[in-house]
Each structure stands twice: as C-alpha cells, then as structure tokens.
>>> print(open('work-v6.txt').read())   # compact mmCIF, C-alpha atoms (C1' of nucleotides)
# COMPACT_ATOMS: atom_id res chain seq x y z
CA MET F 1 -67.26 -94.82 -151.54
CA ALA F 2 -67.81 -93.16 -148.23
CA THR F 3 -66.53 -96.06 -146.16
CA PRO F 4 -64.60 -94.78 -143.15
CA LYS F 5 -60.90 -95.67 -143.21
CA THR F 6 -60.50 -96.01 -139.50
CA GLU F 7 -58.30 -99.12 -139.67
CA ALA F 8 -55.79 -97.31 -141.84
CA PHE F 9 -54.55 -95.45 -138.75
CA SER F 10 -52.60 -96.58 -135.72
CA ARG F 11 -54.36 -98.16 -132.79
CA LYS F 12 -53.41 -95.29 -130.54
CA GLU F 13 -54.82 -92.76 -132.94
CA GLN F 14 -58.00 -94.78 -133.20
CA ASP F 15 -58.34 -95.05 -129.42
CA LEU F 16 -57.77 -91.37 -128.85
CA ALA F 17 -60.24 -90.49 -131.58
CA ALA F 18 -62.83 -92.82 -130.07
CA PHE F 19 -62.38 -91.21 -126.69
CA ALA F 20 -62.72 -87.75 -128.18
CA LYS F 21 -65.81 -88.87 -130.04
CA ALA F 22 -67.43 -89.93 -126.78
CA LEU F 23 -66.90 -86.38 -125.48
CA ALA F 24 -67.91 -84.76 -128.75
CA HIS F 25 -71.43 -83.86 -127.67
CA PRO F 26 -72.45 -81.30 -125.04
CA ALA F 27 -75.07 -83.67 -123.65
CA ARG F 28 -72.43 -86.28 -122.87
CA ILE F 29 -70.20 -83.74 -121.16
CA ALA F 30 -73.20 -82.59 -119.15
CA ILE F 31 -73.94 -86.19 -118.21
CA LEU F 32 -70.40 -86.66 -116.92
CA LYS F 33 -70.78 -83.55 -114.78
CA VAL F 34 -74.04 -84.80 -113.34
CA LEU F 35 -72.51 -88.19 -112.62
CA ALA F 36 -69.69 -86.50 -110.76
CA GLN F 37 -71.92 -84.16 -108.79
CA ASN F 38 -74.74 -86.46 -107.75
CA ASN F 39 -74.51 -89.29 -105.31
CA GLU F 40 -77.35 -91.08 -106.97
CA CYS F 41 -76.41 -91.11 -110.67
CA ILE F 42 -79.77 -92.62 -111.49
CA CYS F 43 -80.81 -92.43 -115.10
CA GLY F 44 -84.04 -90.62 -114.22
CA GLU F 45 -82.20 -87.78 -112.53
CA ILE F 46 -80.07 -87.20 -115.57
CA VAL F 47 -83.14 -87.15 -117.75
CA GLU F 48 -84.71 -84.51 -115.48
CA VAL F 49 -81.68 -82.27 -115.73
CA LEU F 50 -81.02 -82.56 -119.44
CA PRO F 51 -83.18 -80.92 -122.11
CA LEU F 52 -83.59 -84.18 -123.97
CA ALA F 53 -86.07 -87.02 -124.17
CA GLN F 54 -85.54 -90.09 -122.03
CA SER F 55 -84.74 -92.28 -124.99
CA THR F 56 -82.13 -89.83 -126.22
CA VAL F 57 -80.43 -89.66 -122.84
CA SER F 58 -80.43 -93.43 -122.67
CA GLN F 59 -78.73 -93.49 -126.04
CA HIS F 60 -76.02 -91.07 -124.90
CA LEU F 61 -75.48 -93.14 -121.78
CA LYS F 62 -75.03 -96.19 -123.95
CA GLU F 63 -72.38 -94.44 -126.02
CA LEU F 64 -70.48 -93.33 -122.93
CA LYS F 65 -70.67 -96.86 -121.62
CA GLU F 66 -69.47 -98.41 -124.85
CA ALA F 67 -66.57 -95.97 -124.88
CA GLY F 68 -65.71 -97.30 -121.42
CA LEU F 69 -66.05 -93.93 -119.72
CA ILE F 70 -68.91 -94.95 -117.44
CA ASP F 71 -70.21 -98.08 -115.76
CA GLY F 72 -73.81 -98.97 -115.14
CA ASN F 73 -75.42 -101.26 -112.63
CA VAL F 74 -79.03 -102.27 -112.70
CA ASP F 75 -80.70 -101.48 -109.38
CA GLY F 76 -84.19 -102.84 -109.38
CA PRO F 77 -86.15 -101.12 -112.11
CA ARG F 78 -83.62 -98.29 -112.11
CA SER F 79 -80.14 -97.96 -113.55
CA CYS F 80 -77.27 -96.47 -111.63
CA TYR F 81 -74.45 -95.02 -113.67
CA CYS F 82 -71.06 -93.84 -112.56
CA ILE F 83 -67.81 -92.68 -114.05
CA ASN F 84 -65.15 -95.29 -114.75
CA TRP F 85 -62.24 -93.43 -113.20
CA LYS F 86 -59.65 -95.90 -114.31
CA ALA F 87 -60.54 -95.48 -117.98
CA PHE F 88 -60.85 -91.76 -117.51
CA GLU F 89 -57.39 -91.54 -116.01
CA LYS F 90 -55.96 -93.59 -118.82
CA PHE F 91 -57.38 -91.39 -121.52
CA ASN F 92 -56.53 -88.24 -119.69
CA ALA F 93 -52.95 -89.42 -119.49
CA GLU F 94 -52.86 -90.26 -123.18
CA PHE F 95 -54.26 -86.89 -124.04
CA SER F 96 -51.74 -85.09 -121.91
CA SER F 97 -49.07 -87.19 -123.52
CA LEU F 98 -50.22 -86.09 -126.96
CA PHE F 99 -50.34 -82.46 -125.89
CA HIS F 100 -46.84 -82.58 -124.50
CA LYS F 101 -45.40 -84.49 -127.41
CA LEU F 102 -46.79 -81.88 -129.73
CA LYS F 103 -45.65 -79.03 -127.55
CA ASP F 104 -42.09 -80.33 -127.24
CA GLN F 105 -41.64 -79.82 -130.93
CA GLN F 106 -43.08 -76.37 -130.98
CA ALA F 107 -39.73 -74.79 -131.78
CA LYS F 108 -39.63 -76.57 -135.12
CA SER F 109 -42.86 -75.00 -136.24
CA CYS F 110 -42.70 -73.08 -139.50
CA CYS F 111 -45.56 -70.64 -138.87
CA MET P 112 -87.24 -84.01 -135.59
CA ALA P 113 -83.56 -84.78 -135.47
CA THR P 114 -82.51 -81.17 -135.09
CA PRO P 115 -79.47 -80.99 -132.80
CA LYS P 116 -80.13 -79.26 -129.48
CA THR P 117 -76.69 -77.81 -129.14
CA GLU P 118 -77.85 -74.41 -127.92
CA ALA P 119 -79.68 -76.02 -125.03
CA PHE P 120 -76.36 -76.57 -123.29
CA SER P 121 -73.91 -74.17 -121.69
CA ARG P 122 -71.35 -72.38 -123.79
CA LYS P 123 -68.53 -74.16 -122.04
CA GLU P 124 -70.05 -77.54 -122.72
CA GLN P 125 -70.53 -76.58 -126.34
CA ASP P 126 -66.94 -75.40 -126.70
CA LEU P 127 -65.49 -78.49 -125.11
CA ALA P 128 -67.66 -80.71 -127.27
CA ALA P 129 -66.60 -78.83 -130.40
CA PHE P 130 -62.96 -79.25 -129.47
CA ALA P 131 -63.46 -82.94 -128.83
CA LYS P 132 -65.26 -83.30 -132.12
CA ALA P 133 -62.28 -81.81 -133.94
CA LEU P 134 -60.12 -84.55 -132.41
CA ALA P 135 -62.70 -87.25 -132.97
CA HIS P 136 -61.12 -88.66 -136.09
CA PRO P 137 -57.82 -90.56 -136.33
CA ALA P 138 -56.90 -88.66 -139.49
CA ARG P 139 -57.07 -85.35 -137.68
CA ILE P 140 -54.96 -86.63 -134.81
CA ALA P 141 -52.46 -87.90 -137.35
CA ILE P 142 -52.46 -84.52 -139.05
CA LEU P 143 -51.65 -82.79 -135.78
CA LYS P 144 -48.74 -85.16 -135.26
CA VAL P 145 -47.40 -84.44 -138.72
CA LEU P 146 -47.76 -80.72 -138.18
CA ALA P 147 -45.76 -81.03 -134.98
CA GLN P 148 -43.05 -83.21 -136.49
CA ASN P 149 -42.43 -81.55 -139.81
CA ASN P 150 -40.86 -78.18 -140.37
CA GLU P 151 -42.72 -77.72 -143.59
CA CYS P 152 -46.34 -78.48 -142.74
CA ILE P 153 -47.25 -78.20 -146.39
CA CYS P 154 -50.56 -79.68 -147.35
CA GLY P 155 -48.96 -81.94 -149.95
CA GLU P 156 -46.73 -83.59 -147.38
CA ILE P 157 -49.67 -84.43 -145.21
CA VAL P 158 -51.48 -85.92 -148.16
CA GLU P 159 -48.47 -88.11 -148.90
CA VAL P 160 -48.37 -89.47 -145.39
CA LEU P 161 -52.06 -90.07 -144.87
CA PRO P 162 -53.99 -92.92 -146.52
CA LEU P 163 -56.62 -90.53 -147.84
CA ALA P 164 -57.36 -88.63 -151.00
CA GLN P 165 -56.17 -85.05 -151.34
CA SER P 166 -59.67 -83.63 -151.19
CA THR P 167 -60.44 -85.57 -148.02
CA VAL P 168 -57.30 -84.33 -146.31
CA SER P 169 -58.15 -80.80 -147.34
CA GLN P 170 -61.53 -81.27 -145.76
CA HIS P 171 -60.01 -82.45 -142.47
CA LEU P 172 -57.62 -79.50 -142.50
CA LYS P 173 -60.56 -77.19 -142.93
CA GLU P 174 -62.32 -78.68 -139.92
CA LEU P 175 -59.23 -78.34 -137.76
CA LYS P 176 -58.90 -74.76 -138.90
CA GLU P 177 -62.53 -73.95 -138.20
CA ALA P 178 -62.14 -75.44 -134.74
CA GLY P 179 -59.26 -73.03 -134.24
CA LEU P 180 -56.69 -75.75 -133.64
CA ILE P 181 -54.53 -74.89 -136.63
CA ASP P 182 -53.65 -71.87 -138.72
CA GLY P 183 -52.99 -71.82 -142.44
CA ASN P 184 -51.05 -69.41 -144.59
CA VAL P 185 -51.07 -69.45 -148.36
CA ASP P 186 -47.55 -69.70 -149.73
CA GLY P 187 -47.62 -69.35 -153.47
CA PRO P 188 -49.60 -72.21 -154.89
CA ARG P 189 -49.05 -74.17 -151.67
CA SER P 190 -50.64 -73.96 -148.25
CA CYS P 191 -48.66 -74.05 -145.04
CA TYR P 192 -50.45 -75.23 -141.95
CA CYS P 193 -49.35 -75.10 -138.34
CA ILE P 194 -50.76 -75.74 -134.91
CA ASN P 195 -52.35 -72.84 -133.08
CA TRP P 196 -50.63 -73.37 -129.77
CA LYS P 197 -52.58 -70.74 -127.95
CA ALA P 198 -55.92 -72.37 -128.74
CA PHE P 199 -54.43 -75.77 -128.01
CA GLU P 200 -53.24 -74.64 -124.62
CA LYS P 201 -56.60 -73.15 -123.84
CA PHE P 202 -58.49 -76.31 -124.63
CA ASN P 203 -55.96 -78.51 -122.91
CA ALA P 204 -56.39 -76.40 -119.81
CA GLU P 205 -60.17 -76.60 -119.99
CA PHE P 206 -60.00 -80.33 -120.41
CA SER P 207 -57.68 -80.76 -117.47
CA SER P 208 -60.00 -78.54 -115.50
CA LEU P 209 -62.92 -80.82 -116.33
CA PHE P 210 -60.92 -83.90 -115.47
CA HIS P 211 -59.92 -82.49 -112.11
CA LYS P 212 -63.33 -81.14 -111.26
CA LEU P 213 -64.75 -84.55 -111.90
CA LYS P 214 -62.02 -86.30 -110.01
CA ASP P 215 -62.34 -84.08 -106.95
CA GLN P 216 -65.80 -85.44 -106.37
CA GLN P 217 -64.85 -89.03 -106.82
CA ALA P 218 -65.52 -89.79 -103.15
CA LYS P 219 -69.18 -89.02 -103.58
CA SER P 220 -69.60 -91.67 -106.25
CA CYS P 221 -72.23 -94.29 -105.58
CA CYS P 222 -70.78 -97.14 -107.64
C1' DT O 223 -102.15 -110.92 -110.05
C1' DT O 224 -102.64 -106.45 -111.79
C1' DC O 225 -100.86 -101.95 -112.18
C1' DT O 226 -97.30 -98.61 -112.00
C1' DT O 227 -92.65 -97.06 -112.49
C1' DT O 228 -88.36 -97.09 -114.75
C1' DT O 229 -85.28 -97.75 -118.43
C1' DA O 230 -83.62 -99.99 -122.71
C1' DT O 231 -84.55 -100.84 -127.33
C1' DC O 232 -86.95 -100.44 -131.86
C1' DG O 233 -88.32 -97.89 -135.68
C1' DT O 234 -88.07 -93.78 -138.01
C1' DA O 235 -86.68 -89.21 -139.78
C1' DC O 236 -83.56 -85.89 -140.60
C1' DA O 237 -78.77 -83.88 -140.16
C1' DA O 238 -74.07 -84.17 -140.39
C1' DA O 239 -69.72 -86.52 -141.36
C1' DA O 240 -66.58 -89.10 -144.37
C1' DA O 241 -64.81 -90.17 -148.60
C1' DC O 242 -63.91 -89.59 -153.45
C1' DG O 243 -63.48 -87.71 -158.28
C1' DA O 244 -63.70 -83.72 -160.94
C1' DT O 245 -62.94 -79.10 -161.46
C1' DA O 246 -61.69 -74.32 -160.52
C1' DA O 247 -58.42 -70.97 -158.91
C1' DA O 248 -53.96 -69.37 -158.09
C1' DT O 249 -49.27 -69.31 -158.80
C1' DA O 250 -44.85 -71.16 -160.95
C1' DT O 251 -42.39 -72.71 -164.81
C1' DT O 252 -41.20 -73.11 -169.64
C1' DA X 253 -48.64 -67.16 -173.55
C1' DA X 254 -49.07 -71.84 -172.59
C1' DT X 255 -48.43 -75.44 -169.37
C1' DA X 256 -47.76 -77.58 -165.06
C1' DT X 257 -48.30 -77.75 -159.99
C1' DT X 258 -50.83 -77.25 -155.90
C1' DT X 259 -54.81 -76.95 -153.17
C1' DA X 260 -59.66 -75.57 -152.20
C1' DT X 261 -64.23 -76.31 -153.39
C1' DC X 262 -68.30 -78.62 -155.60
C1' DG X 263 -71.22 -82.42 -156.26
C1' DT X 264 -72.31 -86.91 -154.97
C1' DT X 265 -72.72 -91.20 -152.32
C1' DT X 266 -72.62 -93.77 -148.17
C1' DT X 267 -72.36 -94.04 -143.32
C1' DT X 268 -72.97 -92.40 -138.86
C1' DG X 269 -75.09 -89.34 -135.39
C1' DT X 270 -79.06 -87.06 -133.19
C1' DA X 271 -83.55 -86.98 -131.70
C1' DC X 272 -88.11 -88.55 -130.74
C1' DG X 273 -92.28 -91.49 -129.85
C1' DA X 274 -93.77 -95.98 -129.02
C1' DT X 275 -93.13 -100.15 -127.04
C1' DA X 276 -91.00 -103.98 -124.47
C1' DA X 277 -88.91 -105.68 -120.34
C1' DA X 278 -88.15 -105.85 -115.55
C1' DA X 279 -89.07 -104.99 -110.97
C1' DG X 280 -91.72 -102.88 -107.22
C1' DA X 281 -96.35 -101.67 -105.22
C1' DA X 282 -101.29 -102.36 -104.72
>>> encode(input="work-v6.txt", output="structure tokens")
Amino acid sequence: MATPKTEAFSRKEQDLAAFAKALAHPARIAILKVLAQNNECICGEIVEVLPLAQSTVSQHLKELKEAGLIDGNVDGPRSCYCINWKAFEKFNAEFSSLFHKLKDQQAKSCC
Amino acid sequence: MATPKTEAFSRKEQDLAAFAKALAHPARIAILKVLAQNNECICGEIVEVLPLAQSTVSQHLKELKEAGLIDGNVDGPRSCYCINWKAFEKFNAEFSSLFHKLKDQQAKSCC
DNA sequence: TTCTTTTATCGTACAAAAACGATAAATATT
DNA sequence: AATATTTATCGTTTTTGTACGATAAAAGAA
C-alpha cells in the first residue's frame, strides 16, 4: 500500500513536480552548470569534474534527458550533451507563474 | 555502497537541490496552492482537498516545514500552516539566478 | 583484424520516499 | 470527569533513488 498516487493530481502539478525532481539532486545541478560552462559537454568531462563514478553520472544524465532538460547526440564513441533551452524556458516560466500566483494571494494569509 | 554523496557538492548546489526536492511531489505543490488560496490553512482542510490519508498529508507538511517553505503554528487542537514567503523569495531568486547564469552562456553551447 | 577508448546498461546493495492504519497527545466539549 | 476532535508520530510495506563494479556495445586507432 505504498503505491504512489501521482495520477490523482493535475497534469500541471505532475509536470512541475517532475521538473523539480530532475533538479532534486546536487549532482544534476552540477551537471547543468558544467553543460552551460563547457563548449564540449562530453560525458567524459562531466565524469572528471564530478565526484561520482562514470556509471552514476551516466545515470544522472539519463534522468535529465528523460525529464527533457538536456539533449544528447552520439559523436563517435563519445556522447555530447547539451541543455534543452526550450524546455528549460518552459519550466522556468511555469515556476515563475506558480511563484507569482502564490505571491498574489499573500495578503490573504492567516499567519 | 549506496551512501549518498551529498556533501561532495557545494553548499549552494545542496540547498537548491533540497528546495527542488521539497517541490518534487505533486501533493506538496498542491498543498502550497491550498495554503495560498485559503485563509484558514488548517491541516484538516488540506486533508479534505487532497486524495491522501491524513497521516500522509501530515508527512508532506512536515517535509515542507523542514525545507523551510512553510511555517506552522499550533492553534488549540488544530495546526495552522502558512507559506514562509521570505524563504520562498530566497529560493525563487536563487533559481532565477541559476536559470539566467545558464542562459547567459547559451551561445557557447555545442549542440 | 585486433586493441583501445568511451559510454550505456545490467545487476546488485543499500537508503530514502511514499503511503497507510493505528495510536498517542493535546485541547475542546459535554 | 468523560468524551470527542484534531493532528503528529510510530510501525510497516512497497516503491523509487543512489551508487558502484562489471560488462556490453560502438567506434576509432594500431
């Protein structure tokens, strides 16, 4: 009886939560920074910078990719990753929207 | 050997990840919406609205509180929760900062 | 072709999260 | 004082996340 009740919530809430989940690990935030700072964005470079095993980094990259936050192209034996700016913008906008919606009703707060 | 390596990352990365983790569940996003929309923000009201058991909601409230996103005052036998706007602002600002830092380097991207 | 490099995936182990019922604690109500 | 209401916490189960080593797959180099 520990089945997650994800579908019991609205699609927007699910999407926002999924986005937040993708960012909910310091390694994945670090990866995004590396992707933004390096021209190369080769998997191996990320592995060198992070204090994690190659397989673990690969796993984090997969999660970011599945969340739609990054893209990855195979380049010979290597893999080149980069940020999906369109998706990033979209989620950033939705987050800001949530923040502002919440803030607009601040006056009603009881505490 | 599945011990999390959280401390191996920068404090800022840890903080952002912790904030994201607090938002990484649709129930907690829904709770924040309820807190913003209702004057009362009594635990019982949240339980009524959410498709979860009382104990589960209480657990989510605890996580939001520990993340610093909400405050809670005991009011007789009831508990009144409200959003901690200061913390919210802080994290929103840090998130926007990350977004913009990343975006500023978009031109360098290789993909 | 053989060997090396690079990365994804598999298998595994442990940790943490998600969900619930039951119960305890605290305050109102009768 | 006894009872009811409200919510936090405990104990438990199941699922998901985190991490690693080992290995497979794919491409380049010898």
>>> residues_around(input="work-v6.txt", residues="Cys152 in chain P", least_positions_apart="5", cutoff="8 Å", atoms="all atoms listed in the file", output="list in words")
Cys110 of chain F; Val145, Leu146, Ile157, Cys191, Tyr192 and Cys193 of chain P
>>> residues_near_point(input="work-v6.txt", point="(-74.7, -81.7, -140.2)", cutoff="10 Å", atoms="all atoms listed in the file", output="tab-separated table (two decimals) with C-alpha atoms (C1' of nucleotides), in the coordinates of the input")
chain	number	residue	atom	x	y	z
P	114	THR	CA	-82.51	-81.17	-135.09
P	115	PRO	CA	-79.47	-80.99	-132.80
O	236	DC	C1'	-83.56	-85.89	-140.60
O	237	DA	C1'	-78.77	-83.88	-140.16
O	238	DA	C1'	-74.07	-84.17	-140.39
O	239	DA	C1'	-69.72	-86.52	-141.36
X	269	DG	C1'	-75.09	-89.34	-135.39
X	270	DT	C1'	-79.06	-87.06	-133.19
>>> residues_around(input="work-v6.txt", residues="DG243 in chain O", least_positions_apart="6", cutoff="10 Å", atoms="all atoms listed in the file", output="list in words")
Ala164 and Ser166 of chain P; DG263 and DT264 of chain X
>>> interface_residues(input="work-v6.txt", of="chain O", to="chain F", cutoff="10 Å", atoms="all atoms listed in the file", output="MDAnalysis selection string")
chainID O and resid 227:231 239:242
>>> closest_residue(input="work-v6.txt", among="F:Leu64, F:Leu52, F:Ala30, F:Val57", to="Leu209 in chain P", atoms="all atoms listed in the file")
F:Ala30
>>> atom_distance(input="work-v6.txt", atom1="CA of Lys123 in chain P", atom2="CA of Ala93 in chain F")
22.0 Å
>>> interface_residues(input="work-v6.txt", of="chain X", to="chain F", cutoff="12 Å", atoms="all atoms listed in the file", output="PyMOL selection string")
chain X and resi 264-275+277-280
>>> residues_around(input="work-v6.txt", residues="Ile83 in chain F", least_positions_apart="5", cutoff="7 Å", atoms="only C-alpha atoms (C1' of nucleotides)", output="list in words")
Leu35, Leu69, Ile70 and Asp71 of chain F
>>> residues_around(input="work-v6.txt", residues="Gln125 in chain P", least_positions_apart="2", cutoff="10 Å", atoms="only C-alpha atoms (C1' of nucleotides)", output="JSON, numbers by chain")
{"F": [24, 25, 26, 27, 29, 30], "P": [117, 118, 119, 120, 121, 122, 123, 127, 128, 129, 130, 131]}
>>> axis_aligned_box(input="work-v6.txt", around="range 259-271 of chain X", padding_each_side="8 Å", output="AutoDock Vina command-line options")
--center_x -69.2 --center_y -84.8 --center_z -144.0 --size_x 44.7 --size_y 34.5 --size_z 40.6
>>> atom_distance(input="work-v6.txt", atom1="CA of Pro51 in chain F", atom2="CA of Asp126 in chain P")
17.8 Å
>>> atom_distance(input="work-v6.txt", atom1="CA of Glu174 in chain P", atom2="CA of Asn92 in chain F")
23.1 Å
>>> closest_residue(input="work-v6.txt", among="F:Val47, F:Gly68, F:Lys103, F:Ser97", to="chain P", atoms="all atoms listed in the file")
F:Lys103
>>> closest_residue(input="work-v6.txt", among="F:Glu94, F:Glu48, F:Glu89, F:Glu66", to="chain P", atoms="all atoms listed in the file")
F:Glu89
